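**Student:** My structure file work14.txt, compact mmCIF, C-alpha atoms and all ligand atoms, is below:
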```txt
# COMPACT_ATOMS: atom_id res chain seq x y z
CA MET A 1 26.73 -13.96 56.76
CA PRO A 2 23.95 -13.81 59.39
CA THR A 3 23.20 -10.31 60.66
CA HIS A 4 24.17 -9.61 64.24
CA LEU A 5 22.35 -6.72 65.92
CA ASN A 6 22.28 -5.38 69.45
CA ILE A 7 18.60 -4.93 70.37
CA LEU A 8 16.72 -3.43 73.31
CA VAL A 9 13.21 -4.79 74.01
CA VAL A 10 11.07 -2.44 76.13
CA GLY A 11 8.38 -4.40 78.01
CA ALA A 12 8.32 -8.02 79.23
CA GLY A 13 4.71 -8.89 78.45
CA ILE A 14 3.87 -11.66 76.01
CA ALA A 15 5.10 -9.66 73.00
CA GLY A 16 8.38 -8.58 74.63
CA LEU A 17 9.26 -12.01 76.01
CA ALA A 18 8.43 -13.75 72.71
CA THR A 19 10.33 -11.14 70.66
CA ALA A 20 13.43 -11.30 72.83
CA THR A 21 13.49 -15.11 72.60
CA ALA A 22 12.94 -15.15 68.83
CA LEU A 23 15.65 -12.49 68.24
CA HIS A 24 18.15 -14.30 70.48
CA ARG A 25 17.56 -17.52 68.53
CA ARG A 26 18.47 -15.66 65.35
CA GLY A 27 21.83 -14.72 66.86
CA MET A 28 21.00 -11.20 68.07
CA THR A 29 22.17 -9.75 71.39
CA VAL A 30 19.11 -8.75 73.41
CA ASP A 31 18.46 -6.68 76.53
CA VAL A 32 14.95 -6.66 78.02
CA ILE A 33 13.65 -4.00 80.40
CA GLU A 34 10.33 -4.10 82.26
CA ARG A 35 8.94 -1.36 84.44
CA SER A 36 7.19 -3.64 86.92
CA LEU A 37 9.35 -4.89 89.76
CA SER A 38 8.74 -8.62 89.25
CA PRO A 39 7.42 -11.04 86.62
CA ARG A 40 3.66 -10.94 86.17
CA SER A 41 1.87 -13.42 88.42
CA THR A 42 -1.65 -11.97 88.24
CA GLY A 43 -4.39 -11.71 85.62
CA ALA A 44 -7.10 -14.10 84.51
CA GLY A 45 -6.91 -16.43 81.52
CA LEU A 46 -6.17 -16.57 77.82
CA PHE A 47 -7.87 -18.60 75.13
CA LEU A 48 -5.07 -19.63 72.75
CA THR A 49 -6.35 -20.29 69.25
CA GLY A 50 -4.62 -22.68 66.82
CA ASN A 51 -2.35 -19.99 65.37
CA SER A 52 -1.34 -18.83 68.90
CA VAL A 53 -0.41 -22.36 69.93
CA ARG A 54 1.49 -22.86 66.65
CA ALA A 55 3.51 -19.66 67.22
CA LEU A 56 4.19 -20.53 70.88
CA THR A 57 5.17 -24.08 69.91
CA ALA A 58 7.82 -22.62 67.61
CA LEU A 59 9.31 -21.00 70.74
CA GLY A 60 9.41 -24.41 72.45
CA LEU A 61 6.36 -23.97 74.71
CA GLN A 62 4.16 -26.86 73.65
CA GLU A 63 4.89 -29.11 76.64
CA ARG A 64 4.26 -26.26 79.06
CA LEU A 65 0.95 -25.40 77.40
CA THR A 66 -0.15 -29.01 77.66
CA ALA A 67 1.03 -29.39 81.27
CA SER A 68 -0.40 -26.11 82.63
CA GLY A 69 -3.39 -25.40 80.38
CA ALA A 70 -6.50 -27.25 79.27
CA PRO A 71 -7.64 -28.37 75.81
CA VAL A 72 -10.51 -26.32 74.36
CA PRO A 73 -12.28 -28.64 71.90
CA SER A 74 -15.06 -26.29 70.74
CA GLN A 75 -16.74 -22.92 71.02
CA ARG A 76 -20.35 -23.20 72.15
CA LEU A 77 -22.58 -20.19 71.45
CA GLN A 78 -25.76 -19.98 73.51
CA ASP A 79 -28.56 -17.57 74.22
CA HIS A 80 -28.82 -16.10 77.71
CA ARG A 81 -30.75 -19.08 79.05
CA GLY A 82 -28.18 -21.59 77.80
CA ARG A 83 -29.95 -22.80 74.65
CA VAL A 84 -27.26 -23.81 72.16
CA LEU A 85 -27.15 -21.70 68.98
CA ALA A 86 -24.00 -23.19 67.48
CA GLU A 87 -21.09 -25.46 68.37
CA ILE A 88 -17.90 -24.84 66.42
CA LYS A 89 -15.29 -27.58 66.56
CA MET A 90 -11.80 -26.15 66.99
CA ALA A 91 -10.10 -29.10 65.24
CA ASP A 92 -12.03 -28.19 62.08
CA LEU A 93 -11.78 -24.42 62.39
CA TRP A 94 -8.03 -24.38 63.12
CA ARG A 95 -7.13 -27.39 60.93
CA GLY A 96 -3.47 -27.51 59.96
CA THR A 97 -2.35 -25.27 62.87
CA ALA A 98 -2.52 -26.69 66.42
CA ASP A 99 -5.02 -27.68 69.12
CA CYS A 100 -6.56 -24.76 71.02
CA VAL A 101 -5.71 -24.30 74.70
CA GLY A 102 -7.01 -22.31 77.69
CA ILE A 103 -4.33 -21.19 80.16
CA THR A 104 -3.91 -18.67 82.95
CA ARG A 105 -1.95 -15.52 82.13
CA ALA A 106 0.41 -16.27 85.00
CA ASP A 107 1.19 -19.75 83.59
CA LEU A 108 1.84 -18.41 80.09
CA HIS A 109 4.10 -15.64 81.42
CA SER A 110 6.01 -18.13 83.54
CA ALA A 111 6.49 -20.45 80.53
CA LEU A 112 7.72 -17.54 78.39
CA HIS A 113 10.15 -16.44 81.14
CA ASP A 114 11.50 -19.98 81.34
CA VAL A 115 12.46 -20.10 77.64
CA LEU A 116 13.87 -16.55 77.62
CA PRO A 117 17.66 -16.94 77.40
CA VAL A 118 18.51 -13.56 79.01
CA PRO A 119 17.48 -12.01 82.34
CA VAL A 120 14.82 -9.29 82.39
CA ARG A 121 15.89 -6.03 84.08
CA HIS A 122 12.85 -5.37 86.26
CA GLY A 123 11.93 -1.95 87.58
CA VAL A 124 13.65 -0.30 84.62
CA THR A 125 12.17 2.13 82.08
CA LEU A 126 13.50 4.45 79.41
CA GLN A 127 14.39 7.94 80.50
CA SER A 128 15.41 9.22 77.06
CA LEU A 129 15.98 7.93 73.54
CA LYS A 130 17.96 9.59 70.74
CA GLN A 131 18.33 8.22 67.22
CA SER A 132 21.48 8.85 65.23
CA GLY A 133 22.01 7.55 61.68
CA ASP A 134 23.28 4.12 62.68
CA GLY A 135 21.94 3.53 66.17
CA VAL A 136 19.81 4.53 69.13
CA GLU A 137 21.23 5.97 72.33
CA VAL A 138 19.15 5.46 75.46
CA GLU A 139 19.25 6.45 79.10
CA PHE A 140 17.51 4.27 81.66
CA ASN A 141 15.84 5.42 84.86
CA ASP A 142 18.60 3.70 86.90
CA ALA A 143 21.19 6.11 85.41
CA LEU A 144 22.67 3.44 83.11
CA THR A 145 22.95 4.19 79.38
CA GLY A 146 23.08 2.03 76.26
CA ARG A 147 23.55 2.14 72.51
CA TYR A 148 21.49 -0.22 70.35
CA ASP A 149 20.99 -1.01 66.68
CA VAL A 150 17.23 -1.37 67.23
CA VAL A 151 14.75 -0.54 70.03
CA VAL A 152 11.58 -2.67 70.12
CA GLY A 153 8.50 -1.15 71.76
CA ALA A 154 6.68 -4.09 73.37
CA ASP A 155 5.21 -1.79 75.98
CA GLY A 156 1.53 -2.64 75.58
CA ILE A 157 -1.62 -0.74 74.70
CA ARG A 158 -0.52 2.44 76.52
CA SER A 159 2.86 2.34 74.76
CA GLY A 160 5.08 5.35 75.37
CA LEU A 161 7.20 4.41 72.34
CA ARG A 162 4.14 4.51 70.08
CA ALA A 163 3.81 8.21 70.85
CA LEU A 164 7.28 8.63 69.39
CA VAL A 165 6.72 6.38 66.36
CA ASP A 166 3.22 7.58 65.41
CA PRO A 167 2.06 10.58 67.46
CA ALA A 168 -1.34 10.51 65.70
CA ALA A 169 -2.12 6.94 66.78
CA ASP A 170 -4.36 6.52 69.77
CA THR A 171 -6.43 4.04 71.71
CA ARG A 172 -10.11 3.86 70.80
CA TYR A 173 -12.86 2.71 73.16
CA VAL A 174 -14.93 0.09 71.31
CA GLY A 175 -18.16 0.56 73.30
CA GLN A 176 -17.85 -2.27 75.82
CA VAL A 177 -16.50 -2.64 79.32
CA CYS A 178 -15.36 -5.99 80.68
CA TRP A 179 -14.48 -7.91 83.84
CA ARG A 180 -12.59 -11.17 84.17
CA PHE A 181 -11.79 -13.61 86.94
CA LEU A 182 -10.51 -17.11 87.63
CA THR A 183 -12.52 -19.54 89.70
CA ASP A 184 -12.79 -23.27 90.42
CA ASP A 185 -14.94 -25.06 87.88
CA LYS A 186 -17.99 -26.18 89.81
CA ALA A 187 -20.16 -25.75 86.70
CA GLY A 188 -18.59 -28.57 84.61
CA ILE A 189 -17.57 -26.32 81.69
CA ASP A 190 -15.19 -28.24 79.43
CA ARG A 191 -15.13 -25.93 76.38
CA TRP A 192 -15.28 -22.23 75.43
CA THR A 193 -18.90 -21.41 76.33
CA VAL A 194 -20.67 -18.10 75.89
CA TRP A 195 -24.11 -16.91 77.02
CA LEU A 196 -25.34 -13.94 74.97
CA GLY A 197 -27.85 -11.46 76.36
CA ARG A 198 -28.99 -8.07 75.16
CA GLY A 199 -25.81 -5.95 75.24
CA THR A 200 -24.27 -8.44 77.68
CA ALA A 201 -22.17 -11.56 77.32
CA PHE A 202 -20.76 -14.06 79.80
CA LEU A 203 -17.95 -16.36 78.67
CA ALA A 204 -16.24 -19.21 80.50
CA TYR A 205 -13.54 -21.68 79.43
CA PRO A 206 -11.21 -24.14 81.19
CA VAL A 207 -7.63 -23.01 81.94
CA GLY A 208 -6.25 -26.19 83.55
CA GLN A 209 -6.06 -27.64 87.07
CA GLY A 210 -9.82 -27.49 87.50
CA ARG A 211 -10.03 -23.73 87.01
CA LEU A 212 -12.19 -21.60 84.71
CA CYS A 213 -11.53 -18.19 83.23
CA CYS A 214 -14.72 -16.12 83.18
CA TYR A 215 -15.06 -12.99 81.05
CA VAL A 216 -18.02 -10.65 81.22
CA ASP A 217 -18.72 -7.78 78.85
CA ILE A 218 -21.41 -5.14 78.69
CA SER A 219 -22.15 -2.54 76.02
CA ALA A 220 -21.75 0.86 77.63
CA PRO A 221 -21.65 4.40 76.23
CA SER A 222 -18.76 5.38 78.51
CA PRO A 223 -15.55 3.52 79.42
CA LYS A 224 -16.21 4.15 83.13
CA ASP A 225 -16.96 1.23 85.43
CA PRO A 226 -20.79 1.18 85.71
CA THR A 227 -20.53 -0.66 89.06
CA ASP A 228 -18.21 2.00 90.57
CA GLY A 229 -15.66 -0.65 91.47
CA THR A 230 -18.05 -3.00 93.29
CA ALA A 231 -18.07 -5.60 90.45
CA ASP A 232 -21.70 -6.26 91.37
CA LEU A 233 -22.67 -7.73 88.02
CA SER A 234 -25.75 -9.71 89.05
CA ARG A 235 -28.18 -6.96 87.93
CA PHE A 236 -26.93 -7.27 84.34
CA PHE A 237 -27.54 -11.02 84.32
CA SER A 238 -31.00 -11.55 85.77
CA GLY A 239 -32.90 -14.18 83.77
CA PHE A 240 -29.62 -15.84 82.66
CA ASP A 241 -28.81 -19.53 83.04
CA PRO A 242 -28.36 -20.20 86.81
CA ARG A 243 -24.78 -21.37 86.09
CA VAL A 244 -23.89 -17.80 85.08
CA ARG A 245 -25.44 -16.34 88.21
CA ASP A 246 -23.63 -18.94 90.37
CA LEU A 247 -20.26 -18.13 88.79
CA LEU A 248 -20.81 -14.39 89.29
CA ALA A 249 -21.68 -15.03 92.93
CA THR A 250 -18.36 -16.80 93.69
CA PRO A 251 -15.83 -14.80 95.77
CA ALA A 252 -13.66 -14.42 92.63
CA GLY A 253 -16.67 -13.20 90.62
CA ARG A 254 -17.34 -10.50 93.19
CA GLU A 255 -13.75 -9.28 92.86
CA ALA A 256 -13.47 -9.44 89.06
CA TYR A 257 -10.91 -7.15 87.33
CA PHE A 258 -12.48 -4.30 85.37
CA ALA A 259 -11.25 -2.75 82.09
CA PRO A 260 -12.72 -0.81 79.19
CA VAL A 261 -12.26 -2.64 75.87
CA GLU A 262 -10.00 -0.60 73.57
CA GLU A 263 -8.07 -0.93 70.35
CA VAL A 264 -5.11 0.91 68.84
CA SER A 265 -5.80 2.93 65.73
CA GLY A 266 -2.25 3.46 64.36
CA ARG A 267 -0.89 2.09 61.10
CA THR A 268 2.73 3.29 61.43
CA TRP A 269 4.90 0.95 63.46
CA THR A 270 8.43 2.14 62.75
CA ALA A 271 10.41 5.35 62.98
CA GLY A 272 14.04 4.87 61.98
CA ARG A 273 15.34 2.10 64.22
CA VAL A 274 12.44 2.02 66.65
CA VAL A 275 9.73 -0.56 65.97
CA LEU A 276 6.50 -1.64 67.69
CA VAL A 277 5.21 -5.18 68.37
CA GLY A 278 2.14 -6.64 70.10
CA ASP A 279 -0.54 -4.46 71.66
CA ALA A 280 1.65 -1.36 71.34
CA ALA A 281 1.19 -1.66 67.56
CA HIS A 282 -2.24 -3.22 67.09
CA ALA A 283 -4.25 -3.98 70.25
CA SER A 284 -7.75 -5.21 69.35
CA SER A 285 -10.90 -6.19 71.17
CA PRO A 286 -10.38 -9.69 72.63
CA ASN A 287 -13.51 -11.07 70.93
CA MET A 288 -11.37 -12.90 68.31
CA ALA A 289 -8.82 -14.05 70.96
CA GLN A 290 -6.01 -13.05 68.62
CA GLY A 291 -3.85 -10.86 70.90
CA VAL A 292 -1.34 -13.58 71.78
CA ALA A 293 -1.22 -14.97 68.24
CA MET A 294 -0.54 -11.55 66.74
CA ALA A 295 2.11 -10.70 69.37
CA VAL A 296 4.02 -13.98 68.98
CA GLU A 297 3.72 -13.94 65.18
CA ASP A 298 5.16 -10.39 65.26
CA ALA A 299 8.09 -11.79 67.21
CA HIS A 300 8.84 -14.51 64.64
CA VAL A 301 8.42 -12.25 61.63
CA LEU A 302 10.55 -9.45 63.13
CA ALA A 303 13.34 -11.90 64.02
CA GLU A 304 13.23 -13.54 60.60
CA THR A 305 13.27 -10.19 58.80
CA LEU A 306 16.12 -8.70 60.84
CA ALA A 307 18.23 -11.81 60.25
CA THR A 308 18.34 -11.06 56.52
CA ALA A 309 20.89 -8.72 54.95
CA GLY A 310 19.89 -5.12 54.34
CA ASP A 311 19.55 -1.65 55.77
CA THR A 312 18.15 -2.01 59.30
CA ALA A 313 15.48 0.72 59.02
CA ASP A 314 14.34 -0.79 55.68
CA LEU A 315 14.10 -4.24 57.27
CA LEU A 316 11.94 -2.83 60.06
CA ARG A 317 9.62 -1.29 57.47
CA GLN A 318 9.47 -4.66 55.66
CA TYR A 319 8.43 -6.31 58.93
CA ALA A 320 5.61 -3.78 59.40
CA GLN A 321 4.44 -4.14 55.78
CA ARG A 322 4.31 -7.91 56.14
CA ARG A 323 2.35 -7.83 59.41
CA LEU A 324 -0.11 -4.97 58.86
CA PRO A 325 -2.55 -6.74 56.50
CA ARG A 326 -2.96 -9.59 58.99
CA THR A 327 -3.45 -7.45 62.11
CA THR A 328 -5.80 -5.15 60.16
CA TRP A 329 -7.80 -8.22 59.16
CA VAL A 330 -8.07 -9.24 62.81
CA GLN A 331 -9.22 -5.79 63.87
CA ARG A 332 -11.88 -5.76 61.12
CA GLN A 333 -13.12 -9.18 62.22
CA THR A 334 -13.44 -7.93 65.80
CA HIS A 335 -15.66 -5.11 64.49
CA GLN A 336 -17.73 -7.68 62.58
CA ARG A 337 -18.12 -9.81 65.74
CA ASP A 338 -19.27 -6.70 67.61
CA ARG A 339 -21.89 -5.99 64.94
CA THR A 340 -23.21 -9.54 65.20
CA ARG A 341 -23.16 -9.34 68.98
CA SER A 342 -25.19 -6.14 69.06
CA MET A 343 -27.99 -7.41 66.80
CA LEU A 344 -31.41 -7.73 68.34
CA PRO A 345 -31.39 -11.08 70.18
CA ALA A 346 -34.00 -12.69 67.90
CA VAL A 347 -32.08 -11.69 64.77
CA ARG A 348 -28.77 -12.75 66.30
CA THR A 349 -30.23 -16.13 67.28
CA PHE A 350 -31.28 -16.69 63.67
CA VAL A 351 -27.92 -15.52 62.27
CA LEU A 352 -25.86 -17.67 64.65
CA ARG A 353 -28.07 -20.77 64.32
CA HIS A 354 -27.86 -20.69 60.56
CA GLY A 355 -24.54 -18.96 59.86
CA ALA A 356 -22.09 -19.10 62.78
CA GLU A 357 -19.93 -21.83 61.24
CA ARG A 358 -19.68 -19.94 57.96
CA LEU A 359 -18.90 -16.62 59.70
CA TRP A 360 -16.22 -18.21 61.90
CA GLU A 361 -14.68 -20.05 58.94
CA ARG A 362 -14.49 -16.86 56.89
CA ALA A 363 -12.89 -14.88 59.74
CA THR A 364 -10.35 -17.63 60.51
CA ALA A 365 -9.26 -18.95 57.09
CA PRO A 366 -6.46 -16.37 56.45
CA LEU A 367 -5.14 -16.82 59.99
CA ARG A 368 -4.50 -20.52 59.39
CA GLU A 369 -1.88 -19.54 56.82
CA LEU A 370 1.63 -19.04 58.17
CA PRO A 371 2.31 -15.34 58.89
C1 LIG A 401 -9.82 -8.47 78.83
C2 LIG A 401 -8.86 -9.06 77.83
C3 LIG A 401 -8.94 -10.39 77.50
C4 LIG A 401 -8.07 -10.92 76.56
N1 LIG A 401 -8.18 -12.25 76.23
C5 LIG A 401 -7.36 -12.75 75.30
C6 LIG A 401 -7.44 -14.13 74.95
O1 LIG A 401 -8.27 -14.88 75.49
N2 LIG A 401 -6.57 -14.61 74.00
C7 LIG A 401 -5.66 -13.81 73.40
O2 LIG A 401 -4.90 -14.29 72.54
N3 LIG A 401 -5.54 -12.50 73.72
C8 LIG A 401 -6.35 -11.97 74.65
N4 LIG A 401 -6.24 -10.66 74.99
C9 LIG A 401 -5.18 -9.84 74.36
C10 LIG A 401 -3.82 -10.10 75.00
O3 LIG A 401 -3.93 -10.04 76.40
C11 LIG A 401 -2.82 -9.06 74.55
O4 LIG A 401 -2.86 -8.95 73.14
C12 LIG A 401 -1.42 -9.43 74.98
O5 LIG A 401 -1.34 -9.58 76.37
C13 LIG A 401 -0.47 -8.31 74.54
O6 LIG A 401 0.76 -8.45 75.12
P1 LIG A 401 1.82 -7.28 75.03
O7 LIG A 401 3.07 -7.90 75.52
O8 LIG A 401 1.79 -6.62 73.70
O9 LIG A 401 1.30 -6.18 76.05
P2 LIG A 401 1.25 -6.23 77.64
O10 LIG A 401 0.82 -7.54 78.13
O11 LIG A 401 0.46 -5.04 78.07
O12 LIG A 401 2.76 -6.03 78.10
C14 LIG A 401 3.42 -4.79 78.04
C15 LIG A 401 4.52 -4.80 79.08
O13 LIG A 401 5.30 -3.61 78.94
C16 LIG A 401 5.57 -3.07 80.22
N5 LIG A 401 5.84 -1.65 80.03
C17 LIG A 401 4.97 -0.68 79.67
N6 LIG A 401 5.61 0.51 79.57
C18 LIG A 401 6.91 0.27 79.87
C19 LIG A 401 8.07 1.08 79.91
N7 LIG A 401 8.03 2.39 79.65
N8 LIG A 401 9.25 0.52 80.26
C20 LIG A 401 9.32 -0.80 80.53
N9 LIG A 401 8.25 -1.63 80.51
C21 LIG A 401 7.07 -1.11 80.16
C22 LIG A 401 4.30 -3.37 81.01
O14 LIG A 401 4.54 -3.34 82.40
C23 LIG A 401 3.97 -4.77 80.50
O15 LIG A 401 4.61 -5.78 81.26
C24 LIG A 401 -7.09 -10.09 75.94
C25 LIG A 401 -7.02 -8.75 76.27
C26 LIG A 401 -7.89 -8.22 77.20
C27 LIG A 401 -7.78 -6.77 77.55
```
Go through the file and emit its structure as structure tokens.
**Tutor:**
Amino acid sequence: MPTHLNILVVGAGIAGLATATALHRRGMTVDVIERSLSPRSTGAGLFLTGNSVRALTALGLQERLTASGAPVPSQRLQDHRGRVLAEIKMADLWRGTADCVGITRADLHSALHDVLPVPVRHGVTLQSLKQSGDGVEVEFNDALTGRYDVVVGADGIRSGLRALVDPAADTRYVGQVCWRFLTDDKAGIDRWTVWLGRGTAFLAYPVGQGRLCCYVDISAPSPKDPTDGTADLSRFFSGFDPRVRDLLATPAGREAYFAPVEEVSGRTWTAGRVVLVGDAAHASSPNMAQGVAMAVEDAHVLAETLATAGDTADLLRQYAQRRLPRTTWVQRQTHQRDRTRSMLPAVRTFVLRHGAERLWERATAPLRELP
């Protein structure tokens, strides 16, 4: 007999939308609440690696990814002047999974909303949550109440539910601040392309319909915006390839979104019948581009696990035990990438020229396996 559970998903980001869809497909009843008043239509872009595209394809998104996004055939690593250090072919690196794609956040959110079989209740948050032996009673901020078998915290890196599940877990600043923006591709960039400086990096990749996503990061001792909100980044990129300076000088470049780069330190994802998915559980630096993959894989594994027979709280713990080694691996690889990135430029040039393919292969191999 398939298990039928009544589940509340808190948060309609990538993790929440994917989890609600995967649970519904396994025969669960799902409610989704989201504190923002409307579906997300802002943000820059996402590089979707082979395992992300595989997980999204299993939700039925492949056509949308192809129609809205752009293929990303390789990752080109360069020094600050644009001299190529390594070119890593995605078809080799992600063999056996799927082709890599660049897409805007807005397009991915819209595609996920379109496959979601239930409406999202926008403008709604949790007011209170009380666990009893066989369920969770909640009150919403609109005075409605509910009783659920499971509550899923898909509420992002600043998760309120994480504080309840693992009060010791916290966000950790990883020593870089970043900006990102979308702009028209006047530079002819048809692959993931990075320029590496000393404590600075500029990345651009296609996201479909002639647009590029640009991502800038800078090593900084404090998570505060060193430009005081002006996004005047040119002073960090003097001496770089003129294409970088031109992209930074576009109107979009001058209004880039700022954020400190942070990760989540916790290793406990469940408390009774409350469980975490996505960034709420395991946010990592984006330097491995694994956030979407980990969120959507969480969704599939949680849905698969809850559809089996057993005590619900035990099944939630089984989900966490199955996922933790993989998300821990990703976080460790992001630390490794940061160490490589912060080498002296001459040393880094040598390491990447002679070892990038090996390093990338080692970091990726376990992620090609099914979760
Ligand atoms: C700069 C940057 C670049 C990145 N680039 C990439 C990339 O190229 N490729 C990649 O795979 N990943 C990338 N990532 C990671 C990726 O963006 C995240 O892993 C992914 O978006 C996580 O989704 P999520 O649904 O867990 O969290 P979120 O997207 O944060 O969604 C959480 C949702 O919960 C809602 N919410 C919060 N609290 C409540 C509440 N109390 N009640 C109701 N709703 C609530 C929020 O409004 C939000 O909609 C990047 C991350 C950053 C910061």
**Student:** As a list of chain:residue names, please: the residues near Tyr205 in chain A (cut-off 8 Å, all atoms listed in the file, same-chain neighbours under 3 positions excluded).
**Tutor:** A:Phe47, A:Val72, A:Gly102, A:Ile189, A:Asp190, A:Arg191, A:Trp192, A:Thr193, A:Leu212, A:Cys213, A:Cys214
**Student:** Counting all atoms listed in the file, which of A:Ala154, A:Ala365, A:Val138, A:Leu203 gets nearest to ligand LIG 401 (chain A)?
**Tutor:** A:Ala154
**Student:** For CA of Ala299 in chain A and CA of Ala204 in chain A, determine how far apart the two atoms are, in Å to one decimal place.
**Tutor:**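 Distance reported for this atom pair: 28.7 Å.
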**Student:** Set the distance at 9 Å and use all atoms listed in the file: which residues neighbour Leu23 in chain A once local chain neighbours fewer than 6 positions away are removed? I'd like the list as a list in words.
**Tutor:** Ile7, Thr29, Val30, Ala299, His300, Leu302, Ala303, Glu304, Leu306 and Ala307 of chain A
**Student:** What gap, in Å, lies between atom O8 of ligand LIG 401 (chain A) and CA of Gly156 in chain A?
**Tutor:**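 Straight-line distance from atom O8 of ligand LIG 401 (chain A) to CA of Gly156 in chain A works out to 4.4 Å.
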**Student:** Record the distance separating CA of Arg158 in chain A and atom C3 of ligand LIG 401 (chain A), expressed in Å with one decimal.
**Tutor:**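 Interatomic distance here is 15.4 Å.
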**Student:** Please provide as a list of chain:residue names all residues within 12 Å of Pro371 in chain A, with the sequence filter that same-chain residues fewer than 4 positions apart are discarded (counting all atoms listed in the file).
**Tutor:**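 Skipping anything fewer than 4 positions along the chain leaves A:Asn51, A:Ser52, A:Arg54, A:Ala55, A:Thr97, A:Ala293, A:Met294, A:Ala295, A:Val296, A:Glu297, A:Asp298, A:Ala299, A:His300, A:Val301, A:Leu302, A:Glu304, A:Tyr319, A:Gln321, A:Arg322, A:Arg323, A:Leu324, A:Pro325, A:Arg326, A:Thr327, A:Pro366, A:Leu367.
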**Student:** Between A:Gln333, A:Thr349, A:Thr42, A:Gln318, which residue has the minimum interatomic distance to Ala363 in chain A, considering all atoms listed in the file?
**Tutor:**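 Smallest separation from Ala363 in chain A among the options: A:Gln333.
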**Student:** Name the closest residue to ligand LIG 401 (chain A) among the candidates A:Gly50, A:Gly229, A:Gly133, A:Gly278; distances are taken between atoms, counting only C-alpha atoms and all ligand atoms.
**Tutor:**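 Looking only at the distances to ligand LIG 401 (chain A), the closest residue turns out to be A:Gly278.
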**Student:** Counting all atoms listed in the file, what is within 12 Å of Phe350 in chain A, bar same-chain residues fewer than 4 positions away, as a PyMOL selection string?
**Tutor:** chain A and resi 78-79+84-86+340+343-346+354-356
**Student:** Next, dump the selected residues to file, keeping only C-alpha atoms, as a PDB file, keeping the file's coordinate frame.
**Tutor:**
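Saved as result-v1.pdb:
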```
ATOM      1  CA  GLN A  78     -25.760 -19.980  73.510  1.00  0.00           C
ATOM      2  CA  ASP A  79     -28.560 -17.570  74.220  1.00  0.00           C
ATOM      3  CA  VAL A  84     -27.260 -23.810  72.160  1.00  0.00           C
ATOM      4  CA  LEU A  85     -27.150 -21.700  68.980  1.00  0.00           C
ATOM      5  CA  ALA A  86     -24.000 -23.190  67.480  1.00  0.00           C
ATOM      6  CA  THR A 340     -23.210  -9.540  65.200  1.00  0.00           C
ATOM      7  CA  MET A 343     -27.990  -7.410  66.800  1.00  0.00           C
ATOM      8  CA  LEU A 344     -31.410  -7.730  68.340  1.00  0.00           C
ATOM      9  CA  PRO A 345     -31.390 -11.080  70.180  1.00  0.00           C
ATOM     10  CA  ALA A 346     -34.000 -12.690  67.900  1.00  0.00           C
ATOM     11  CA  HIS A 354     -27.860 -20.690  60.560  1.00  0.00           C
ATOM     12  CA  GLY A 355     -24.540 -18.960  59.860  1.00  0.00           C
ATOM     13  CA  ALA A 356     -22.090 -19.100  62.780  1.00  0.00           C
TER      14      ALA A 356
END
```
**Student:** Which of these, A:Thr270, A:Thr227, A:Ser159, A:Thr250, has the shortest distance to ligand LIG 401 (chain A) once you count all atoms listed in the file?
**Tutor:**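 Using all atoms listed in the file, the shortest distance to ligand LIG 401 (chain A) belongs to A:Ser159.
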**Student:** Which one is closest to ligand LIG 401 (chain A): A:Glu369, A:Glu139, A:Glu262, A:Asp225? Count all atoms listed in the file.
**Tutor:**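 The closest residue to ligand LIG 401 (chain A) is A:Glu262.
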**Student:** Neighbours of Ala106 in chain A within 8 Å (all atoms listed in the file; same-chain residues fewer than 5 positions away dropped), as a list of chain:residue names?
**Tutor:** A:Arg40, A:Ser41, A:Thr42, A:Gly43, A:Ala44
**Student:** Would you mind telling me which residue in A:Ala320, A:Thr334, A:Val118, A:Asp31 lies nearest to Val150 in chain A when using only C-alpha atoms?
**Tutor:**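 Closest residue, counting only C-alpha atoms: A:Asp31.
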